[in-house]
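Source file: data.pdb (PDB, C-alpha atoms)
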```pdb
ATOM      1  CA  MET A   1     118.355 169.470  78.697
ATOM      2  CA  LYS A   2     116.985 166.708  80.918
ATOM      3  CA  LEU A   3     113.675 165.384  79.673
ATOM      4  CA  HIS A   4     110.945 163.768  81.754
ATOM      5  CA  THR A   5     108.609 161.867  79.460
ATOM      6  CA  CYS A   6     105.073 160.707  80.225
ATOM      7  CA  ILE A   7     103.665 158.156  77.780
ATOM      8  CA  ILE A   8      99.878 157.941  78.105
ATOM      9  CA  SER A   9      98.647 154.401  77.541
ATOM     10  CA  TYR A  10      95.129 153.142  76.889
ATOM     11  CA  ASN A  11      94.716 149.646  75.404
ATOM     12  CA  ARG A  12      96.336 148.997  71.984
ATOM     13  CA  LEU A  13      99.246 147.144  73.597
ATOM     14  CA  GLN A  14     101.126 146.574  70.345
ATOM     15  CA  LEU A  15     101.193 150.308  69.689
ATOM     16  CA  THR A  16     102.401 151.033  73.219
ATOM     17  CA  LYS A  17     105.258 148.561  72.731
ATOM     18  CA  GLN A  18     106.275 150.255  69.478
ATOM     19  CA  VAL A  19     106.194 153.698  71.081
ATOM     20  CA  ILE A  20     108.386 152.626  73.999
ATOM     21  CA  GLN A  21     110.824 150.783  71.736
ATOM     22  CA  SER A  22     111.168 153.717  69.346
ATOM     23  CA  TYR A  23     111.579 156.161  72.242
ATOM     24  CA  LEU A  24     114.398 154.170  73.830
ATOM     25  CA  ALA A  25     116.060 153.701  70.435
ATOM     26  CA  THR A  26     116.090 157.426  69.592
ATOM     27  CA  ILE A  27     116.343 159.371  72.872
ATOM     28  CA  SER A  28     119.624 161.303  72.830
ATOM     29  CA  VAL A  29     119.416 163.462  75.971
ATOM     30  CA  PRO A  30     119.340 162.562  79.689
ATOM     31  CA  PHE A  31     115.821 161.383  80.529
ATOM     32  CA  THR A  32     113.372 159.790  82.890
ATOM     33  CA  LEU A  33     110.356 157.894  81.622
ATOM     34  CA  VAL A  34     106.963 157.031  83.075
ATOM     35  CA  VAL A  35     103.935 155.336  81.544
ATOM     36  CA  VAL A  36     100.566 156.368  82.960
ATOM     37  CA  ASP A  37      97.972 153.790  81.978
ATOM     38  CA  ASN A  38      94.304 154.810  81.818
ATOM     39  CA  ALA A  39      92.832 151.514  83.084
ATOM     40  CA  SER A  40      93.661 149.430  80.025
ATOM     41  CA  GLU A  41      92.537 145.855  79.564
ATOM     42  CA  SER A  42      94.400 143.268  81.674
ATOM     43  CA  SER A  43      96.850 142.168  78.951
ATOM     44  CA  THR A  44      98.229 145.691  78.638
ATOM     45  CA  GLN A  45      98.610 146.181  82.364
ATOM     46  CA  GLU A  46     100.187 142.741  82.803
ATOM     47  CA  TRP A  47     102.801 143.535  80.151
ATOM     48  CA  LEU A  48     103.571 146.894  81.752
ATOM     49  CA  LEU A  49     103.977 145.262  85.154
ATOM     50  CA  THR A  50     106.175 142.383  83.981
ATOM     51  CA  GLU A  51     108.086 143.530  80.876
ATOM     52  CA  TYR A  52     108.414 147.306  81.174
ATOM     53  CA  ASP A  53     111.344 148.571  83.279
ATOM     54  CA  TYR A  54     110.732 152.279  83.886
ATOM     55  CA  GLY A  55     108.307 154.411  85.923
ATOM     56  CA  LEU A  56     104.680 153.291  85.948
ATOM     57  CA  CYS A  57     101.315 154.486  87.239
ATOM     58  CA  LEU A  58      98.230 152.320  86.715
ATOM     59  CA  LEU A  59      94.996 154.271  87.081
ATOM     60  CA  GLY A  60      91.899 152.488  88.337
ATOM     61  CA  GLU A  61      89.646 154.026  85.703
ATOM     62  CA  ASN A  62      90.003 155.872  82.416
ATOM     63  CA  ARG A  63      90.587 159.473  83.466
ATOM     64  CA  TYR A  64      91.495 160.626  79.937
ATOM     65  CA  PRO A  65      94.793 162.153  78.753
ATOM     66  CA  GLY A  66      94.738 165.488  80.580
ATOM     67  CA  PHE A  67      94.468 163.907  84.017
ATOM     68  CA  ALA A  68      96.957 161.147  83.131
ATOM     69  CA  CYS A  69      99.575 163.582  81.857
ATOM     70  CA  ASN A  70      99.293 165.794  84.928
ATOM     71  CA  ILE A  71      99.930 162.693  87.059
ATOM     72  CA  GLY A  72     102.926 161.716  84.949
ATOM     73  CA  TRP A  73     104.451 165.187  84.869
ATOM     74  CA  GLY A  74     103.986 165.416  88.623
ATOM     75  CA  MET A  75     106.323 162.414  88.934
ATOM     76  CA  ALA A  76     109.233 164.297  87.338
ATOM     77  CA  PRO A  77     112.499 164.381  89.312
ATOM     78  CA  ALA A  78     113.702 167.739  90.586
ATOM     79  CA  ASP A  79     116.456 168.037  87.976
ATOM     80  CA  ALA A  80     114.193 167.570  84.931
ATOM     81  CA  ASP A  81     113.960 170.930  83.173
ATOM     82  CA  PHE A  82     111.598 169.884  80.353
ATOM     83  CA  LEU A  83     108.386 167.832  80.535
ATOM     84  CA  HIS A  84     107.299 165.718  77.570
ATOM     85  CA  ARG A  85     103.916 164.185  76.767
ATOM     86  CA  ALA A  86     103.764 161.250  74.362
ATOM     87  CA  ASP A  87     100.607 159.498  73.191
ATOM     88  CA  ASN A  88     100.751 155.750  72.656
ATOM     89  CA  ASP A  89      99.950 155.883  68.950
ATOM     90  CA  PHE A  90     102.990 157.797  67.626
ATOM     91  CA  LYS A  91     106.460 156.303  67.234
ATOM     92  CA  PHE A  92     109.611 158.405  67.474
ATOM     93  CA  LEU A  93     111.944 159.168  64.571
ATOM     94  CA  PRO A  94     115.713 159.695  64.849
ATOM     95  CA  GLY A  95     116.682 163.314  65.501
ATOM     96  CA  TRP A  96     113.562 164.359  67.389
ATOM     97  CA  CYS A  97     115.508 165.476  70.466
ATOM     98  CA  GLU A  98     117.688 167.766  68.376
ATOM     99  CA  GLN A  99     114.603 169.337  66.809
ATOM    100  CA  ILE A 100     113.174 170.084  70.253
ATOM    101  CA  LYS A 101     116.405 171.598  71.545
ATOM    102  CA  GLU A 102     116.609 173.843  68.493
ATOM    103  CA  ARG A 103     113.086 175.202  68.999
ATOM    104  CA  PHE A 104     113.704 175.909  72.696
ATOM    105  CA  ARG A 105     116.746 178.077  71.958
ATOM    106  CA  ARG A 106     114.447 181.078  72.233
ATOM    107  CA  GLN A 107     113.898 181.749  75.906
ATOM    108  CA  LYS A 108     110.267 182.790  75.495
ATOM    109  CA  VAL A 109     109.228 179.543  73.800
ATOM    110  CA  GLY A 110     107.310 177.649  76.459
ATOM    111  CA  GLN A 111     105.840 174.749  74.472
ATOM    112  CA  VAL A 112     107.004 172.828  71.411
ATOM    113  CA  GLY A 113     104.790 170.433  69.487
ATOM    114  CA  LEU A 114     106.374 167.316  67.998
ATOM    115  CA  ARG A 115     104.438 167.573  64.742
ATOM    116  CA  THR A 116     105.091 170.141  62.032
ATOM    117  CA  ASP A 117     102.686 172.858  60.901
ATOM    118  CA  GLU A 118     101.910 170.761  57.831
ATOM    119  CA  GLU A 119     101.090 167.719  59.957
ATOM    120  CA  GLU A 120      98.870 169.727  62.332
ATOM    121  CA  VAL A 121      97.086 171.808  59.715
ATOM    122  CA  PHE A 122      93.735 171.272  61.483
ATOM    123  CA  ALA A 123      95.034 172.382  64.913
ATOM    124  CA  ARG A 124      95.791 176.052  64.388
ATOM    125  CA  TRP A 125      95.426 177.282  67.964
ATOM    126  CA  ASN A 126      97.376 174.547  69.787
ATOM    127  CA  VAL A 127     100.274 172.186  69.175
ATOM    128  CA  GLY A 128      98.356 168.928  69.633
ATOM    129  CA  GLY A 129      98.933 166.237  72.224
ATOM    130  CA  ASN A 130     102.557 165.282  71.646
ATOM    131  CA  CYS A 131     104.544 168.161  73.073
ATOM    132  CA  VAL A 132     107.264 169.384  75.422
ATOM    133  CA  ILE A 133     106.963 172.243  77.926
ATOM    134  CA  ARG A 134     109.489 174.024  80.107
ATOM    135  CA  ARG A 135     109.459 172.687  83.645
ATOM    136  CA  SER A 136     109.362 176.286  84.868
ATOM    137  CA  LEU A 137     105.824 176.646  83.463
ATOM    138  CA  TRP A 138     104.695 173.596  85.428
ATOM    139  CA  ASP A 139     106.212 175.191  88.523
ATOM    140  CA  LYS A 140     104.174 178.325  87.738
ATOM    141  CA  GLY A 141     100.976 176.250  87.793
ATOM    142  CA  LEU A 142     100.495 175.188  84.158
ATOM    143  CA  ARG A 143      98.295 172.092  84.020
ATOM    144  CA  TYR A 144      96.195 170.226  81.497
ATOM    145  CA  ASP A 145      92.439 170.609  81.772
ATOM    146  CA  GLU A 146      91.431 167.298  83.372
ATOM    147  CA  ARG A 147      87.858 167.042  82.103
ATOM    148  CA  PRO A 148      86.913 163.866  80.195
ATOM    149  CA  TRP A 149      86.651 164.426  76.454
ATOM    150  CA  TYR A 150      82.861 164.176  76.464
ATOM    151  CA  LYS A 151      82.642 167.229  78.746
ATOM    152  CA  PHE A 152      84.453 169.508  76.284
ATOM    153  CA  PRO A 153      82.705 171.372  73.452
ATOM    154  CA  PRO A 154      82.532 169.228  70.281
ATOM    155  CA  GLY A 155      85.906 168.947  68.593
ATOM    156  CA  TYR A 156      87.838 170.189  71.625
ATOM    157  CA  SER A 157      90.154 168.342  73.999
ATOM    158  CA  GLU A 158      92.665 169.135  76.715
ATOM    159  CA  ASP A 159      95.140 170.177  73.985
ATOM    160  CA  SER A 160      92.845 173.025  72.983
ATOM    161  CA  PHE A 161      93.403 174.780  76.292
ATOM    162  CA  LEU A 162      97.060 174.121  77.126
ATOM    163  CA  SER A 163      98.665 176.249  74.402
ATOM    164  CA  PRO A 164      96.483 179.292  75.267
ATOM    165  CA  ALA A 165      97.440 178.746  78.923
ATOM    166  CA  VAL A 166     101.117 178.847  77.908
ATOM    167  CA  GLU A 167     100.472 182.224  76.275
ATOM    168  CA  GLU A 168      98.710 183.508  79.390
ATOM    169  CA  LEU A 169     101.944 182.870  81.292
ATOM    170  CA  GLY A 170     103.798 185.147  78.892
ATOM    171  CA  TYR A 171     105.362 182.486  76.664
ATOM    172  CA  THR A 172     104.884 181.423  73.065
ATOM    173  CA  TRP A 173     104.333 178.006  71.518
ATOM    174  CA  THR A 174     105.696 176.564  68.317
ATOM    175  CA  ARG A 175     106.237 173.283  66.466
ATOM    176  CA  VAL A 176     109.202 171.339  65.154
ATOM    177  CA  LYS A 177     110.356 172.070  61.628
ATOM    178  CA  LYS A 178     111.016 168.475  60.570
ATOM    179  CA  PRO A 179     108.928 165.335  61.203
ATOM    180  CA  CYS A 180     109.796 163.863  64.615
ATOM    181  CA  ILE A 181     107.053 161.312  65.178
ATOM    182  CA  GLU A 182     105.016 159.046  62.937
ATOM    183  CA  THR A 183     101.427 158.052  63.541
ATOM    184  CA  LEU A 184     100.618 154.405  64.255
ATOM    185  CA  ALA A 185      96.876 155.056  64.459
ATOM    186  CA  SER A 186      94.555 153.880  61.716
ATOM    187  CA  GLY A 187      91.803 156.362  62.564
ATOM    188  CA  ASP A 188      89.385 153.864  61.005
ATOM    189  CA  TRP A 189      85.740 154.807  61.553
ATOM    190  CA  ASN A 190      84.869 151.097  61.633
ATOM    191  CA  ASP A 191      87.291 150.480  64.516
ATOM    192  CA  SER A 192      85.467 150.400  67.880
ATOM    193  CA  TYR A 193      88.373 152.217  69.560
ATOM    194  CA  TYR A 194      88.039 155.207  67.250
ATOM    195  CA  GLN A 195      84.267 155.112  67.300
ATOM    196  CA  ARG A 196      84.453 155.731  71.044
ATOM    197  CA  SER A 197      87.328 158.212  70.789
ATOM    198  CA  TYR A 198      85.625 160.308  68.126
ATOM    199  CA  GLY A 199      82.272 160.031  69.849
ATOM    200  CA  ASP A 200      83.663 161.271  73.172
ATOM    201  CA  ARG A 201      85.069 164.342  71.399
ATOM    202  CA  GLY A 202      81.960 165.097  69.359
ATOM    203  CA  ILE A 203      83.755 164.298  66.104
ATOM    204  CA  VAL A 204      81.826 163.008  63.091
ATOM    205  CA  PRO A 205      82.921 162.013  59.561
ATOM    206  CA  ASP A 206      83.514 164.948  57.239
ATOM    207  CA  PRO A 207      80.578 164.882  54.747
ATOM    208  CA  GLY A 208      82.964 165.819  51.944
ATOM    209  CA  ASP A 209      85.398 163.048  52.813
ATOM    210  CA  PRO A 210      84.083 160.318  55.138
ATOM    211  CA  SER A 211      87.639 159.115  55.817
ATOM    212  CA  ARG A 212      88.466 162.413  57.563
ATOM    213  CA  PRO A 213      87.103 163.646  60.910
ATOM    214  CA  GLY A 214      85.022 166.774  61.270
ATOM    215  CA  THR A 215      83.181 168.337  64.200
ATOM    216  CA  SER A 216      79.496 168.008  65.004
TER     217      SER A 216
END
```

Rendering of file as structure tokens:
Amino acid sequence: MKLHTCIISYNRLQLTKQVIQSYLATISVPFTLVVVDNASESSTQEWLLTEYDYGLCLLGENRYPGFACNIGWGMAPADADFLHRADNDFKFLPGWCEQIKERFRRQKVGQVGLRTDEEEVFARWNVGGNCVIRRSLWDKGLRYDERPWYKFPPGYSEDSFLSPAVEELGYTWTRVKKPCIETLASGDWNDSYYQRSYGDRGIVPDPGDPSRPGTS
């Protein structure tokens, strides 16, 4: 297995640093790494340009994760046989590479999510953002939907459409069996970052539990 990883960055520099550090500390297979930054504030881009030592693409405007990941996966070297998306608010745990390799032992598995069924209980028809696909599916034309979040139906994102597209190519999708990543995101409704993120996706507080998201 040779993994090509695209970390999608948008502001929250301290989280991006933690993600990169945890990735480099736990990666146990041959890899290439690229960060695609969605027009973050200047401090984030300055750090990426001066302190970060791997592949980098700085976008001129926020094109949202689907577009950014397609750019990053398109930068994969010819010998990378698996493509990995990582969001900049999840840090990596030891053993995550072994979990991925185990799930891809079945030849018809085309996509593996890095969160368990229990962790993704509210995403029943897709694996969520943090995932790995076979490079062969990319070569067959698999791509993320590149629409901005606010153009999707409420509660949907690019993740909602990638797993069904994997199935249309004749493959299955699954998730890891043990926790592989750990969220760094607060998800706080009073945080301006999440107010915009939830708003773009048509997500509102769950009336039964205001600390949890629901769909409008």

Proximity check segment 119-180 of chain A to segment 67-73 of chain A, 7 Å, nearest pairs one decimal Å, only C-alpha atoms, as a tab-separated table:
```
residue	atom	partner	partner_atom	distance
A:Arg143	CA	A:Asn70	CA	6.4
A:Tyr144	CA	A:Asn70	CA	6.4
A:Glu146	CA	A:Phe67	CA	4.6
```

Save the residues we just selected, C-alpha atoms, as an mmCIF file, in the frame of the given file?
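Done, and the output landed in result_15.cif:
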```cif
data_model
loop_
_atom_site.group_PDB
_atom_site.id
_atom_site.type_symbol
_atom_site.label_atom_id
_atom_site.label_comp_id
_atom_site.auth_asym_id
_atom_site.auth_seq_id
_atom_site.Cartn_x
_atom_site.Cartn_y
_atom_site.Cartn_z
ATOM 1 C CA ARG A 143 98.295 172.092 84.020
ATOM 2 C CA TYR A 144 96.195 170.226 81.497
ATOM 3 C CA GLU A 146 91.431 167.298 83.372
#
```

Could you write out as a short mmCIF file (atom, residue, chain, number, x, y, z; two decimals) with C-alpha atoms, keeping the file's coordinate frame the residues that the PyMOL selection byres ((chain A and resi 177-185) around 7) matches in the shown file?
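This went into selection_11.cif:
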```cif
data_model
loop_
_atom_site.label_atom_id
_atom_site.label_comp_id
_atom_site.auth_asym_id
_atom_site.auth_seq_id
_atom_site.Cartn_x
_atom_site.Cartn_y
_atom_site.Cartn_z
CA LEU A 15 101.19 150.31 69.69
CA ASP A 89 99.95 155.88 68.95
CA PHE A 90 102.99 157.80 67.63
CA LYS A 91 106.46 156.30 67.23
CA PHE A 92 109.61 158.40 67.47
CA LEU A 93 111.94 159.17 64.57
CA GLY A 95 116.68 163.31 65.50
CA TRP A 96 113.56 164.36 67.39
CA LEU A 114 106.37 167.32 68.00
CA ARG A 115 104.44 167.57 64.74
CA THR A 116 105.09 170.14 62.03
CA ARG A 175 106.24 173.28 66.47
CA VAL A 176 109.20 171.34 65.15
CA SER A 186 94.56 153.88 61.72
CA GLY A 187 91.80 156.36 62.56
#
```

Under the rule of at most 7 Å, produce a per-residue listing of segment 59-171 of chain A near segment 2-8 of chain A: chain, number, name, the closest pair of atoms, and the distance in Å, as a tab-separated table, using only C-alpha atoms.
```
residue	atom	partner	partner_atom	distance
A:Pro65	CA	A:Ile8	CA	6.6
A:Ala68	CA	A:Ile8	CA	6.6
A:Cys69	CA	A:Cys6	CA	6.4
A:Gly72	CA	A:Cys6	CA	5.3
A:Trp73	CA	A:Cys6	CA	6.5
A:Ala76	CA	A:His4	CA	5.9
A:Ala80	CA	A:Lys2	CA	5.0
A:Asp81	CA	A:Lys2	CA	5.7
A:Phe82	CA	A:Leu3	CA	5.0
A:Leu83	CA	A:His4	CA	5.0
A:His84	CA	A:Thr5	CA	4.5
A:Arg85	CA	A:Cys6	CA	5.0
A:Ala86	CA	A:Ile7	CA	4.6
A:Asp87	CA	A:Ile8	CA	5.2
A:Asn88	CA	A:Ile8	CA	5.9
```

With distances taken over only C-alpha atoms, which residue among A:Pro77, A:Pro148, A:Pro153, A:Gly113 lies nearest Glu61 of chain A?
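Going through A:Pro77, A:Pro148, A:Pro153, A:Gly113 one by one, the smallest distance to Glu61 of chain A is for A:Pro148.
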
Counting all atoms listed in the file, which residues have an atom no more than 12 Å from (99.9, 150.4, 74.6) in the file's coordinates? Please list them as a PyMOL selection string.
chain A and resi 7-21+35-48+52+86-91+184-185

Pick out the closest residue to Arg124 of chain A from this set: A:Trp138, A:Tyr150, A:Tyr64, A:Trp173. Count all atoms listed in the file.
A:Trp173

In terms of all atoms listed in the file, the residue from A:Ala25, A:Pro154, A:Val132, A:Leu59 at minimal distance from Phe104 of chain A is A:Val132

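If all atoms listed in the file are the atoms counted, then among A:Leu137, A:Leu24, A:Leu49, A:Ile100 the closest residue to Glu168 of chain A is A:Leu137.
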
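In this model, the gap between atom CA of Ala78 of chain A and atom CA of Leu56 of chain A comes to 17.7 Å.
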